[in-house]
>>> print(open('query04.txt').read())   # compact mmCIF, C-alpha atoms
# COMPACT_ATOMS: atom_id res chain seq x y z
CA MET A 1 17.31 136.11 174.60
CA SER A 2 14.36 133.94 175.69
CA ILE A 3 13.10 133.79 172.18
CA GLU A 4 11.27 130.80 170.81
CA LEU A 5 10.80 129.27 167.41
CA ASP A 6 7.42 130.15 165.94
CA THR A 7 6.19 126.69 165.00
CA GLY A 8 3.36 128.20 162.98
CA LEU A 9 5.73 129.54 160.31
CA PRO A 10 6.23 127.54 157.09
CA SER A 11 10.03 127.72 157.40
CA THR A 12 10.01 126.35 160.97
CA ARG A 13 7.55 123.61 160.07
CA GLN A 14 9.41 122.55 156.96
CA ILE A 15 12.67 122.24 158.89
CA GLN A 16 10.77 120.22 161.52
CA THR A 17 9.50 117.91 158.74
CA ILE A 18 13.02 117.54 157.39
CA ILE A 19 14.20 116.57 160.92
CA ARG A 20 11.36 114.10 161.53
CA GLU A 21 11.62 112.41 158.14
CA GLU A 22 15.44 112.34 158.33
CA LYS A 23 15.70 113.77 154.81
CA GLU A 24 19.14 114.44 153.46
CA VAL A 25 19.65 118.11 152.64
CA GLU A 26 22.16 120.47 151.15
CA MET A 27 22.85 123.59 153.20
CA LYS A 28 24.62 126.49 151.52
CA LEU A 29 26.54 128.84 153.81
CA SER A 30 27.60 132.49 153.47
CA THR A 31 31.22 131.38 153.00
CA GLY A 32 30.16 129.37 149.96
CA ASP A 33 30.53 126.05 151.83
CA LEU A 34 27.92 123.44 151.01
CA LEU A 35 27.14 121.02 153.83
CA THR A 36 25.35 117.75 153.16
CA GLY A 37 23.61 115.64 155.79
CA LYS A 38 20.58 115.26 158.00
CA VAL A 39 19.21 118.03 160.19
CA ARG A 40 19.16 116.94 163.84
CA TRP A 41 17.68 119.97 165.62
CA GLN A 42 16.96 123.66 165.24
CA ASP A 43 16.66 126.46 167.76
CA PRO A 44 16.32 130.24 167.28
CA HIS A 45 20.08 130.70 166.83
CA CYS A 46 21.36 127.52 165.19
CA ILE A 47 20.59 124.48 163.09
CA CYS A 48 22.54 121.24 163.68
CA ILE A 49 23.40 119.04 160.72
CA MET A 50 24.93 115.53 160.93
CA ASP A 51 27.32 114.42 158.22
CA HIS A 52 27.76 110.88 156.84
CA TYR A 53 30.08 109.99 159.73
CA ASP A 54 27.36 111.10 162.19
CA GLN A 55 29.48 114.09 163.22
CA PRO A 56 27.46 117.16 164.22
CA THR A 57 28.05 120.65 162.84
CA ILE A 58 26.33 123.51 164.68
CA VAL A 59 25.51 126.13 162.04
CA TRP A 60 24.58 129.69 163.02
CA ARG A 61 21.37 130.82 161.27
CA GLN A 62 22.87 134.15 160.18
CA SER A 63 25.23 132.25 157.89
CA ILE A 64 22.60 130.03 156.24
CA VAL A 65 21.88 130.98 152.66
CA PHE A 66 19.57 128.14 151.69
CA VAL A 67 18.49 124.59 152.50
CA LYS A 68 17.22 122.18 149.91
CA PRO A 69 16.54 118.44 149.71
CA LYS A 70 19.43 116.52 148.22
CA MET A 71 18.41 114.96 144.95
CA MET B 1 9.74 135.15 167.36
CA SER B 2 5.98 135.46 166.77
CA ILE B 3 6.53 138.05 164.11
CA GLU B 4 4.26 138.39 161.14
CA LEU B 5 4.63 139.63 157.62
CA ASP B 6 3.23 143.14 157.22
CA THR B 7 0.96 142.61 154.24
CA GLY B 8 0.56 146.36 153.84
CA LEU B 9 4.16 146.83 152.70
CA PRO B 10 4.94 147.06 148.96
CA SER B 11 7.69 144.43 149.22
CA THR B 12 5.40 141.90 150.92
CA ARG B 13 2.57 142.56 148.48
CA GLN B 14 4.77 142.34 145.40
CA ILE B 15 6.16 138.98 146.54
CA GLN B 16 2.55 137.86 147.16
CA THR B 17 1.66 138.91 143.60
CA ILE B 18 4.67 137.01 142.25
CA ILE B 19 3.48 133.91 144.17
CA ARG B 20 -0.14 134.21 143.02
CA GLU B 21 0.68 134.88 139.37
CA GLU B 22 3.37 132.15 139.36
CA LYS B 23 5.84 134.53 137.73
CA GLU B 24 9.32 133.23 137.10
CA VAL B 25 11.94 135.27 138.97
CA GLU B 26 15.67 135.58 139.39
CA MET B 27 16.86 135.72 142.98
CA LYS B 28 20.39 136.91 143.66
CA LEU B 29 21.99 135.69 146.89
CA SER B 30 24.79 137.08 149.06
CA THR B 31 27.09 134.27 147.87
CA GLY B 32 26.63 135.48 144.31
CA ASP B 33 24.38 132.52 143.43
CA LEU B 34 21.48 133.33 141.13
CA LEU B 35 18.42 131.11 141.60
CA THR B 36 15.72 130.94 138.94
CA GLY B 37 12.21 129.66 139.51
CA LYS B 38 8.79 130.38 140.95
CA VAL B 39 8.24 131.65 144.48
CA ARG B 40 6.02 129.24 146.43
CA TRP B 41 5.69 130.93 149.83
CA GLN B 42 7.22 133.59 152.08
CA ASP B 43 7.33 133.99 155.83
CA PRO B 44 9.23 136.45 158.04
CA HIS B 45 12.43 134.37 157.92
CA CYS B 46 12.47 132.67 154.52
CA ILE B 47 11.26 132.65 150.94
CA CYS B 48 10.79 129.33 149.15
CA ILE B 49 11.59 129.08 145.44
CA MET B 50 10.84 126.09 143.19
CA ASP B 51 13.23 125.27 140.36
CA HIS B 52 12.35 123.81 136.96
CA TYR B 53 12.31 120.29 138.41
CA ASP B 54 9.78 121.45 141.04
CA GLN B 55 12.43 121.07 143.77
CA PRO B 56 12.06 123.56 146.63
CA THR B 57 14.89 125.71 147.96
CA ILE B 58 14.28 127.44 151.30
CA VAL B 59 16.19 130.73 151.15
CA TRP B 60 16.90 132.75 154.30
CA ARG B 61 15.90 136.41 153.87
CA GLN B 62 19.19 137.72 155.27
CA SER B 63 20.97 136.29 152.23
CA ILE B 64 18.63 137.73 149.59
CA VAL B 65 20.17 140.56 147.61
CA PHE B 66 17.45 141.11 145.02
CA VAL B 67 14.48 139.55 143.26
CA LYS B 68 13.46 140.47 139.74
CA PRO B 69 11.13 139.04 137.11
CA LYS B 70 12.92 136.83 134.61
CA MET B 71 12.82 138.37 131.18
CA MET C 1 6.92 143.48 161.57
CA SER C 2 4.54 146.48 161.43
CA ILE C 3 7.43 148.86 161.22
CA GLU C 4 7.24 152.09 159.32
CA LEU C 5 9.71 154.29 157.55
CA ASP C 6 10.67 157.31 159.66
CA THR C 7 10.06 160.07 157.16
CA GLY C 8 11.86 162.54 159.42
CA LEU C 9 15.25 160.93 158.81
CA PRO C 10 17.59 162.43 156.20
CA SER C 11 18.17 159.04 154.53
CA THR C 12 14.42 158.39 154.13
CA ARG C 13 13.78 161.90 152.86
CA GLN C 14 16.64 161.86 150.38
CA ILE C 15 15.44 158.56 148.91
CA GLN C 16 11.93 160.10 148.70
CA THR C 17 13.40 163.08 146.82
CA ILE C 18 15.24 160.71 144.45
CA ILE C 19 11.92 158.91 143.81
CA ARG C 20 9.92 162.09 143.26
CA GLU C 21 12.49 163.75 141.00
CA GLU C 22 13.08 160.49 139.08
CA LYS C 23 16.82 160.92 139.40
CA GLU C 24 19.01 158.18 137.99
CA VAL C 25 21.15 156.55 140.68
CA GLU C 26 23.87 153.98 141.09
CA MET C 27 23.21 151.42 143.82
CA LYS C 28 26.12 149.31 145.02
CA LEU C 29 25.23 145.93 146.53
CA SER C 30 27.04 143.66 149.00
CA THR C 31 27.82 141.22 146.17
CA GLY C 32 29.68 143.98 144.37
CA ASP C 33 26.91 144.38 141.78
CA LEU C 34 26.20 147.95 140.70
CA LEU C 35 22.60 148.63 139.64
CA THR C 36 21.72 151.72 137.63
CA GLY C 37 18.22 153.12 137.29
CA LYS C 38 15.43 155.08 138.92
CA VAL C 39 14.12 154.33 142.38
CA ARG C 40 10.40 153.55 142.25
CA TRP C 41 9.51 152.93 145.92
CA GLN C 42 10.99 152.16 149.32
CA ASP C 43 9.61 150.39 152.36
CA PRO C 44 11.29 149.28 155.61
CA HIS C 45 12.64 146.07 154.03
CA CYS C 46 13.29 146.87 150.37
CA ILE C 47 14.00 149.52 147.74
CA CYS C 48 12.73 148.99 144.18
CA ILE C 49 14.85 150.21 141.27
CA MET C 50 13.75 150.28 137.62
CA ASP C 51 16.33 149.66 134.92
CA HIS C 52 16.45 151.23 131.43
CA TYR C 53 13.98 148.65 130.13
CA ASP C 54 11.55 149.63 132.91
CA GLN C 55 12.08 146.25 134.59
CA PRO C 56 11.82 146.36 138.40
CA THR C 57 14.42 144.90 140.76
CA ILE C 58 13.37 144.53 144.41
CA VAL C 59 16.53 145.05 146.47
CA TRP C 60 16.69 144.03 150.14
CA ARG C 61 18.02 146.87 152.33
CA GLN C 62 20.49 144.61 154.15
CA SER C 63 22.42 144.20 150.91
CA ILE C 64 22.60 147.89 149.99
CA VAL C 65 26.08 149.37 150.41
CA PHE C 66 25.50 152.82 148.94
CA VAL C 67 23.30 154.90 146.67
CA LYS C 68 24.58 157.88 144.73
CA PRO C 69 23.30 160.05 141.88
CA LYS C 70 24.60 158.93 138.51
CA MET C 71 26.84 161.58 137.02
CA MET D 1 11.60 152.80 162.98
CA SER D 2 11.44 156.07 164.97
CA ILE D 3 14.87 155.46 166.35
CA GLU D 4 17.25 158.24 167.16
CA LEU D 5 20.99 158.61 167.29
CA ASP D 6 22.28 158.47 170.85
CA THR D 7 24.36 161.63 170.91
CA GLY D 8 25.95 160.56 174.19
CA LEU D 9 27.88 157.72 172.57
CA PRO D 10 31.54 158.26 171.60
CA SER D 11 30.97 156.95 168.07
CA THR D 12 28.07 159.34 167.43
CA ARG D 13 29.94 162.28 168.90
CA GLN D 14 33.13 161.58 166.96
CA ILE D 15 31.21 161.41 163.68
CA GLN D 16 29.52 164.70 164.66
CA THR D 17 32.96 166.24 165.26
CA ILE D 18 34.16 164.96 161.88
CA ILE D 19 31.08 166.58 160.25
CA ARG D 20 31.49 169.92 162.08
CA GLU D 21 35.23 170.20 161.48
CA GLU D 22 34.85 169.08 157.83
CA LYS D 23 37.68 166.58 158.27
CA GLU D 24 38.52 164.40 155.32
CA VAL D 25 38.05 160.70 156.12
CA GLU D 26 38.55 157.29 154.61
CA MET D 27 35.55 154.98 154.89
CA LYS D 28 36.07 151.29 154.27
CA LEU D 29 33.01 149.32 153.12
CA SER D 30 32.08 145.64 153.34
CA THR D 31 32.66 145.26 149.59
CA GLY D 32 36.25 146.39 150.09
CA ASP D 33 35.57 149.81 148.54
CA LEU D 34 37.36 152.73 150.17
CA LEU D 35 35.53 156.05 149.94
CA THR D 36 37.36 159.32 150.59
CA GLY D 37 35.66 162.61 151.39
CA LYS D 38 33.89 164.68 153.98
CA VAL D 39 31.00 163.41 156.06
CA ARG D 40 27.91 165.59 155.53
CA TRP D 41 25.32 163.99 157.83
CA GLN D 42 24.50 160.84 159.76
CA ASP D 43 21.22 159.28 160.83
CA PRO D 44 20.43 155.90 162.41
CA HIS D 45 20.50 154.10 159.05
CA CYS D 46 23.01 155.95 156.90
CA ILE D 47 26.05 158.22 156.74
CA CYS D 48 26.44 160.62 153.79
CA ILE D 49 29.92 161.31 152.42
CA MET D 50 30.77 163.98 149.82
CA ASP D 51 33.56 163.26 147.35
CA HIS D 52 36.00 165.78 145.83
CA TYR D 53 33.44 166.76 143.20
CA ASP D 54 30.91 167.51 145.96
CA GLN D 55 28.83 164.51 144.90
CA PRO D 56 26.99 162.79 147.78
CA THR D 57 27.10 159.06 148.46
CA ILE D 58 24.52 157.71 150.92
CA VAL D 59 26.20 154.78 152.71
CA TRP D 60 24.16 152.26 154.70
CA ARG D 61 25.62 151.74 158.19
CA GLN D 62 25.47 147.94 157.95
CA SER D 63 28.11 148.08 155.24
CA ILE D 64 30.56 150.37 157.07
CA VAL D 65 33.68 148.59 158.28
CA PHE D 66 35.67 151.55 159.54
CA VAL D 67 36.13 155.31 159.36
CA LYS D 68 39.46 157.01 159.92
CA PRO D 69 40.89 160.46 159.32
CA LYS D 70 42.77 160.74 156.04
CA MET D 71 46.44 161.37 156.68
CA MET E 1 19.15 153.77 170.26
CA SER E 2 19.82 154.56 173.93
CA ILE E 3 21.44 151.21 174.42
CA GLU E 4 24.26 150.66 176.84
CA LEU E 5 27.14 148.26 177.08
CA ASP E 6 26.44 145.50 179.58
CA THR E 7 29.58 145.71 181.70
CA GLY E 8 28.74 142.40 183.34
CA LEU E 9 29.44 140.43 180.17
CA PRO E 10 32.82 138.73 179.72
CA SER E 11 33.31 140.23 176.27
CA THR E 12 32.66 143.80 177.48
CA ARG E 13 34.92 143.32 180.51
CA GLN E 14 37.77 141.79 178.53
CA ILE E 15 37.72 144.67 176.05
CA GLN E 16 37.71 147.06 179.04
CA THR E 17 40.79 145.25 180.44
CA ILE E 18 42.51 145.49 177.05
CA ILE E 19 41.80 149.26 177.04
CA ARG E 20 42.99 149.82 180.62
CA GLU E 21 46.16 147.75 180.27
CA GLU E 22 46.91 149.26 176.84
CA LYS E 23 47.51 145.81 175.39
CA GLU E 24 48.32 145.60 171.71
CA VAL E 25 45.74 143.55 169.82
CA GLU E 26 45.03 142.18 166.39
CA MET E 27 41.53 142.85 165.11
CA LYS E 28 40.29 140.86 162.12
CA LEU E 29 37.55 142.48 160.04
CA SER E 30 34.88 141.05 157.73
CA THR E 31 36.78 142.37 154.71
CA GLY E 32 39.78 140.27 155.74
CA ASP E 33 41.72 143.35 156.93
CA LEU E 34 43.80 142.83 160.06
CA LEU E 35 44.25 145.95 162.20
CA THR E 36 46.98 146.12 164.83
CA GLY E 37 47.06 148.60 167.70
CA LYS E 38 45.67 149.57 171.06
CA VAL E 39 41.95 149.80 171.81
CA ARG E 40 41.03 153.29 172.97
CA TRP E 41 37.29 153.04 173.65
CA GLN E 42 34.22 150.93 172.95
CA ASP E 43 30.53 151.78 172.77
CA PRO E 44 27.53 149.70 171.67
CA HIS E 45 28.14 150.43 167.99
CA CYS E 46 31.90 150.82 167.58
CA ILE E 47 35.37 150.05 168.92
CA CYS E 48 38.18 152.56 168.38
CA ILE E 49 41.69 151.26 167.73
CA MET E 50 44.86 153.43 167.60
CA ASP E 51 47.64 152.42 165.23
CA HIS E 52 51.39 152.88 165.76
CA TYR E 53 51.19 156.48 164.57
CA ASP E 54 48.47 157.17 167.16
CA GLN E 55 45.89 157.53 164.40
CA PRO E 56 42.39 156.40 165.40
CA THR E 57 40.25 154.01 163.37
CA ILE E 58 36.57 153.78 164.34
CA VAL E 59 35.50 150.19 163.63
CA TRP E 60 31.82 149.21 163.43
CA ARG E 61 31.09 146.16 165.61
CA GLN E 62 29.14 144.40 162.86
CA SER E 63 32.36 144.05 160.90
CA ILE E 64 34.51 142.69 163.73
CA VAL E 65 35.37 139.01 163.31
CA PHE E 66 37.79 138.57 166.20
CA VAL E 67 40.14 140.34 168.60
CA LYS E 68 43.21 138.71 170.07
CA PRO E 69 46.30 139.86 171.95
CA LYS E 70 49.28 140.41 169.67
CA MET E 71 52.01 137.93 170.46
CA MET F 1 21.97 145.40 176.03
CA SER F 2 21.27 143.49 179.26
CA ILE F 3 20.54 140.36 177.31
CA GLU F 4 21.28 136.94 178.65
CA LEU F 5 22.07 133.60 177.15
CA ASP F 6 19.04 131.31 177.12
CA THR F 7 20.51 128.22 178.75
CA GLY F 8 17.47 126.22 177.73
CA LEU F 9 18.37 126.32 174.04
CA PRO F 10 20.19 123.36 172.47
CA SER F 11 22.85 125.60 170.92
CA THR F 12 23.66 127.30 174.26
CA ARG F 13 23.74 123.97 176.09
CA GLN F 14 25.92 122.26 173.51
CA ILE F 15 28.46 125.07 173.65
CA GLN F 16 28.36 124.81 177.46
CA THR F 17 29.07 121.06 177.17
CA ILE F 18 31.96 121.76 174.80
CA ILE F 19 33.37 124.24 177.36
CA ARG F 20 32.95 121.90 180.35
CA GLU F 21 34.38 118.82 178.59
CA GLU F 22 37.22 120.88 177.07
CA LYS F 23 36.54 119.39 173.65
CA GLU F 24 38.65 120.60 170.78
CA VAL F 25 36.55 122.25 168.07
CA GLU F 26 36.85 123.76 164.64
CA MET F 27 35.19 127.15 164.26
CA LYS F 28 34.57 128.47 160.75
CA LEU F 29 34.33 132.24 160.38
CA SER F 30 32.64 134.46 157.79
CA THR F 31 36.06 135.43 156.41
CA GLY F 32 36.73 131.77 155.67
CA ASP F 33 39.20 131.48 158.57
CA LEU F 34 39.09 128.20 160.47
CA LEU F 35 40.07 128.44 164.14
CA THR F 36 40.98 125.33 166.12
CA GLY F 37 41.05 125.10 169.90
CA LYS F 38 39.03 124.85 173.05
CA VAL F 39 36.09 127.10 173.86
CA ARG F 40 36.68 128.97 177.11
CA TRP F 41 33.49 131.02 177.55
CA GLN F 42 30.46 132.34 175.68
CA ASP F 43 28.27 135.36 176.24
CA PRO F 44 25.47 136.85 174.11
CA HIS F 45 27.93 138.73 171.87
CA CYS F 46 31.07 136.59 171.73
CA ILE F 47 32.64 133.16 172.09
CA CYS F 48 36.24 132.86 173.31
CA ILE F 49 38.46 130.14 171.87
CA MET F 50 41.95 129.20 173.15
CA ASP F 51 44.54 127.99 170.66
CA HIS F 52 47.30 125.43 171.25
CA TYR F 53 49.52 128.08 172.82
CA ASP F 54 46.71 128.96 175.27
CA GLN F 55 46.23 132.32 173.55
CA PRO F 56 42.62 133.58 173.59
CA THR F 57 40.73 134.80 170.56
CA ILE F 58 37.47 136.67 171.20
CA VAL F 59 35.17 135.86 168.30
CA TRP F 60 32.03 137.93 167.59
CA ARG F 61 28.97 135.69 167.14
CA GLN F 62 27.85 137.50 163.98
CA SER F 63 30.94 136.13 162.22
CA ILE F 64 30.56 132.50 163.31
CA VAL F 65 29.48 130.20 160.51
CA PHE F 66 29.75 126.85 162.27
CA VAL F 67 31.33 124.98 165.16
CA LYS F 68 32.10 121.28 165.07
CA PRO F 69 34.12 118.84 167.12
CA LYS F 70 37.61 118.28 165.74
CA MET F 71 38.00 114.72 164.57
>>> encode(input="query04.txt", output="structure tokens")
Amino acid sequence: MSIELDTGLPSTRQIQTIIREEKEVEMKLSTGDLLTGKVRWQDPHCICIMDHYDQPTIVWRQSIVFVKPKM
Amino acid sequence: MSIELDTGLPSTRQIQTIIREEKEVEMKLSTGDLLTGKVRWQDPHCICIMDHYDQPTIVWRQSIVFVKPKM
Amino acid sequence: MSIELDTGLPSTRQIQTIIREEKEVEMKLSTGDLLTGKVRWQDPHCICIMDHYDQPTIVWRQSIVFVKPKM
Amino acid sequence: MSIELDTGLPSTRQIQTIIREEKEVEMKLSTGDLLTGKVRWQDPHCICIMDHYDQPTIVWRQSIVFVKPKM
Amino acid sequence: MSIELDTGLPSTRQIQTIIREEKEVEMKLSTGDLLTGKVRWQDPHCICIMDHYDQPTIVWRQSIVFVKPKM
Amino acid sequence: MSIELDTGLPSTRQIQTIIREEKEVEMKLSTGDLLTGKVRWQDPHCICIMDHYDQPTIVWRQSIVFVKPKM
């Protein structure tokens, strides 16, 4: 599973921008849960989001429904 | 994950047409959510849809159930 | 993603027959939705179904549970 | 997608036996639906089940939870 | 689909141990169903579990959430 | 299926750290279940979590929604 993120794809780049600019996002999951926080890192399997208490949640990509900037 | 969209496929081309013609669509998600807006871009992992406030939502393809033009 | 439909498979051929004969089908989706209409085209990612108002719905294969002829 | 069924696998062989012996089965789907009938054919993407009225239902493998003989 | 089980992986080996020792397990499925019984065989697509009446249920791996020894 | 974990990925390494430091975690599953315990091992298909009674649960990766440290 030596797969890599394709940094040329819009989705990869936009998540990278969200990480770099420390934008707050809403992340909807397949269970219906809605996580709010800042994205810390992404890899081919997971995306890590930090909540307001700076606690990390490692989210598996297969369960991500959408990500959008928090208004 | 250097995969590319196959622009020869009907599904890829129809989404490209929807993007170019700025058609408003309904997108049903695996959670039952129904998003409404204009498709901005697609890549092999995600499709981005803009709502009426021009806010982007990055939707993961695995959670897309259907897309249809809004009547 | 330059994958092609294997037209030798029973599932591909039966969907092609449904398209050619313009049979009305019921398509059950992972959300529990049941679409009714005629299948217009299929590709490796999606199947397009037209409703009674001739409006297309592009359905992602991962969300299809079953297809059966409408009785 | 020129993939083939591996007829050496227990799951493939048991479904083949169910087809040949025309055993009645229960098939549970991801939506919670329970189909009852006889399996007519399988291919790498789908399994076709015939109900008591000899109507076919083409079921996508990704939505199959389990198959068991009807008691 | 000539894929094989990697018998060097912990998950494959632990299921093999459960089969050999005829341990009773609980298997949770994506539909929320909880099956109880003994695992008879596994292959790359399915795991077969026998209930208390020695009836087999062929479970597709994609729908397995967890397996644990029955206490 | 001779796939291996890519130990260079953040997600793989963080789970390895959680295993080594015997941190207690919450693991949310696609069924909505929330497991609590210590991660014992991971392989490309599964992650094993031990509950407070030291009973193992083998969780399939496809059903993992998120993992986070228990506060």
>>> atom_distance(input="query04.txt", atom1="CA of Cys46 in chain B", atom2="CA of Arg13 in chain A")
11.7 Å
>>> residues_around(input="query04.txt", residues="range 24-27 of chain A", least_positions_apart="4", cutoff="8 Å", atoms="only C-alpha atoms", output="PDB file with C-alpha atoms, keeping the file's coordinate frame")
ATOM      1  CA  ILE A  18      13.020 117.540 157.390  1.00  0.00           C
ATOM      2  CA  LEU A  34      27.920 123.440 151.010  1.00  0.00           C
ATOM      3  CA  LEU A  35      27.140 121.020 153.830  1.00  0.00           C
ATOM      4  CA  THR A  36      25.350 117.750 153.160  1.00  0.00           C
ATOM      5  CA  GLY A  37      23.610 115.640 155.790  1.00  0.00           C
ATOM      6  CA  LYS A  38      20.580 115.260 158.000  1.00  0.00           C
ATOM      7  CA  VAL A  39      19.210 118.030 160.190  1.00  0.00           C
ATOM      8  CA  ILE A  64      22.600 130.030 156.240  1.00  0.00           C
ATOM      9  CA  VAL A  65      21.880 130.980 152.660  1.00  0.00           C
ATOM     10  CA  PHE A  66      19.570 128.140 151.690  1.00  0.00           C
ATOM     11  CA  VAL A  67      18.490 124.590 152.500  1.00  0.00           C
ATOM     12  CA  LYS A  68      17.220 122.180 149.910  1.00  0.00           C
ATOM     13  CA  PRO A  69      16.540 118.440 149.710  1.00  0.00           C
ATOM     14  CA  LYS A  70      19.430 116.520 148.220  1.00  0.00           C
TER      15      LYS A  70
END
>>> interface_residues(input="query04.txt", of="chain E", to="chain F", cutoff="10 Å", atoms="all atoms listed in the file", output="VMD selection string")
chain E and resid 2 to 12 14 to 15 26 to 33 44 61 to 71
>>> atom_distance(input="query04.txt", atom1="CA of Glu22 in chain B", atom2="CA of Arg40 in chain B")
8.1 Å
>>> atom_distance(input="query04.txt", atom1="CA of Met50 in chain D", atom2="CA of Gln16 in chain D")
14.9 Å
>>> axis_aligned_box(input="query04.txt", around="range 34-52 of chain B", padding_each_side="8 Å", output="lines of an AutoDock Vina configuration file")
center_x = 13.6
center_y = 130.1
center_z = 147.5
size_x = 31.8
size_y = 28.6
size_z = 37.1
>>> build_atoms(input="query04.txt", residues="range 37-52 of chain B", atoms="N, CA, C and O atoms", output="PDB file, in the coordinates of the input")
ATOM      1  N   GLY B  37      13.359 130.526 139.272  1.00  0.00           N
ATOM      2  CA  GLY B  37      12.210 129.660 139.510  1.00  0.00           C
ATOM      3  C   GLY B  37      10.994 130.461 139.934  1.00  0.00           C
ATOM      4  O   GLY B  37      10.949 131.673 139.743  1.00  0.00           O
ATOM      5  N   LYS B  38      10.029 129.746 140.503  1.00  0.00           N
ATOM      6  CA  LYS B  38       8.790 130.380 140.950  1.00  0.00           C
ATOM      7  C   LYS B  38       8.758 130.412 142.472  1.00  0.00           C
ATOM      8  O   LYS B  38       9.117 129.429 143.121  1.00  0.00           O
ATOM      9  N   VAL B  39       8.316 131.533 143.027  1.00  0.00           N
ATOM     10  CA  VAL B  39       8.240 131.650 144.480  1.00  0.00           C
ATOM     11  C   VAL B  39       6.989 130.913 144.961  1.00  0.00           C
ATOM     12  O   VAL B  39       5.891 131.108 144.426  1.00  0.00           O
ATOM     13  N   ARG B  40       7.139 130.022 145.933  1.00  0.00           N
ATOM     14  CA  ARG B  40       6.020 129.240 146.430  1.00  0.00           C
ATOM     15  C   ARG B  40       5.397 129.884 147.677  1.00  0.00           C
ATOM     16  O   ARG B  40       4.201 130.002 147.787  1.00  0.00           O
ATOM     17  N   TRP B  41       6.210 130.272 148.627  1.00  0.00           N
ATOM     18  CA  TRP B  41       5.690 130.930 149.830  1.00  0.00           C
ATOM     19  C   TRP B  41       6.763 131.834 150.426  1.00  0.00           C
ATOM     20  O   TRP B  41       7.945 131.713 150.107  1.00  0.00           O
ATOM     21  N   GLN B  42       6.302 132.751 151.318  1.00  0.00           N
ATOM     22  CA  GLN B  42       7.220 133.590 152.080  1.00  0.00           C
ATOM     23  C   GLN B  42       6.752 133.602 153.524  1.00  0.00           C
ATOM     24  O   GLN B  42       5.561 133.503 153.797  1.00  0.00           O
ATOM     25  N   ASP B  43       7.674 133.701 154.440  1.00  0.00           N
ATOM     26  CA  ASP B  43       7.330 133.990 155.830  1.00  0.00           C
ATOM     27  C   ASP B  43       8.381 134.971 156.351  1.00  0.00           C
ATOM     28  O   ASP B  43       9.242 135.416 155.578  1.00  0.00           O
ATOM     29  N   PRO B  44       8.303 135.382 157.621  1.00  0.00           N
ATOM     30  CA  PRO B  44       9.230 136.450 158.040  1.00  0.00           C
ATOM     31  C   PRO B  44      10.714 136.069 157.974  1.00  0.00           C
ATOM     32  O   PRO B  44      11.565 136.952 157.942  1.00  0.00           O
ATOM     33  N   HIS B  45      11.022 134.777 157.938  1.00  0.00           N
ATOM     34  CA  HIS B  45      12.430 134.370 157.920  1.00  0.00           C
ATOM     35  C   HIS B  45      12.924 133.933 156.544  1.00  0.00           C
ATOM     36  O   HIS B  45      14.099 134.092 156.230  1.00  0.00           O
ATOM     37  N   CYS B  46      12.044 133.338 155.759  1.00  0.00           N
ATOM     38  CA  CYS B  46      12.470 132.670 154.520  1.00  0.00           C
ATOM     39  C   CYS B  46      11.527 132.948 153.351  1.00  0.00           C
ATOM     40  O   CYS B  46      10.382 133.357 153.540  1.00  0.00           O
ATOM     41  N   ILE B  47      12.062 132.685 152.163  1.00  0.00           N
ATOM     42  CA  ILE B  47      11.260 132.650 150.940  1.00  0.00           C
ATOM     43  C   ILE B  47      11.596 131.341 150.240  1.00  0.00           C
ATOM     44  O   ILE B  47      12.765 130.971 150.145  1.00  0.00           O
ATOM     45  N   CYS B  48      10.562 130.624 149.794  1.00  0.00           N
ATOM     46  CA  CYS B  48      10.790 129.330 149.150  1.00  0.00           C
ATOM     47  C   CYS B  48      10.626 129.470 147.645  1.00  0.00           C
ATOM     48  O   CYS B  48       9.614 129.984 147.161  1.00  0.00           O
ATOM     49  N   ILE B  49      11.620 128.995 146.899  1.00  0.00           N
ATOM     50  CA  ILE B  49      11.590 129.080 145.440  1.00  0.00           C
ATOM     51  C   ILE B  49      11.696 127.677 144.851  1.00  0.00           C
ATOM     52  O   ILE B  49      12.455 126.845 145.345  1.00  0.00           O
ATOM     53  N   MET B  50      10.862 127.405 143.838  1.00  0.00           N
ATOM     54  CA  MET B  50      10.840 126.090 143.190  1.00  0.00           C
ATOM     55  C   MET B  50      11.580 126.172 141.864  1.00  0.00           C
ATOM     56  O   MET B  50      11.285 127.050 141.052  1.00  0.00           O
ATOM     57  N   ASP B  51      12.487 125.240 141.635  1.00  0.00           N
ATOM     58  CA  ASP B  51      13.230 125.270 140.360  1.00  0.00           C
ATOM     59  C   ASP B  51      12.429 124.545 139.274  1.00  0.00           C
ATOM     60  O   ASP B  51      11.271 124.163 139.467  1.00  0.00           O
ATOM     61  N   HIS B  52      13.059 124.380 138.102  1.00  0.00           N
ATOM     62  CA  HIS B  52      12.350 123.810 136.960  1.00  0.00           C
ATOM     63  C   HIS B  52      11.994 122.343 137.140  1.00  0.00           C
ATOM     64  O   HIS B  52      11.174 121.801 136.412  1.00  0.00           O
TER      65      HIS B  52
END
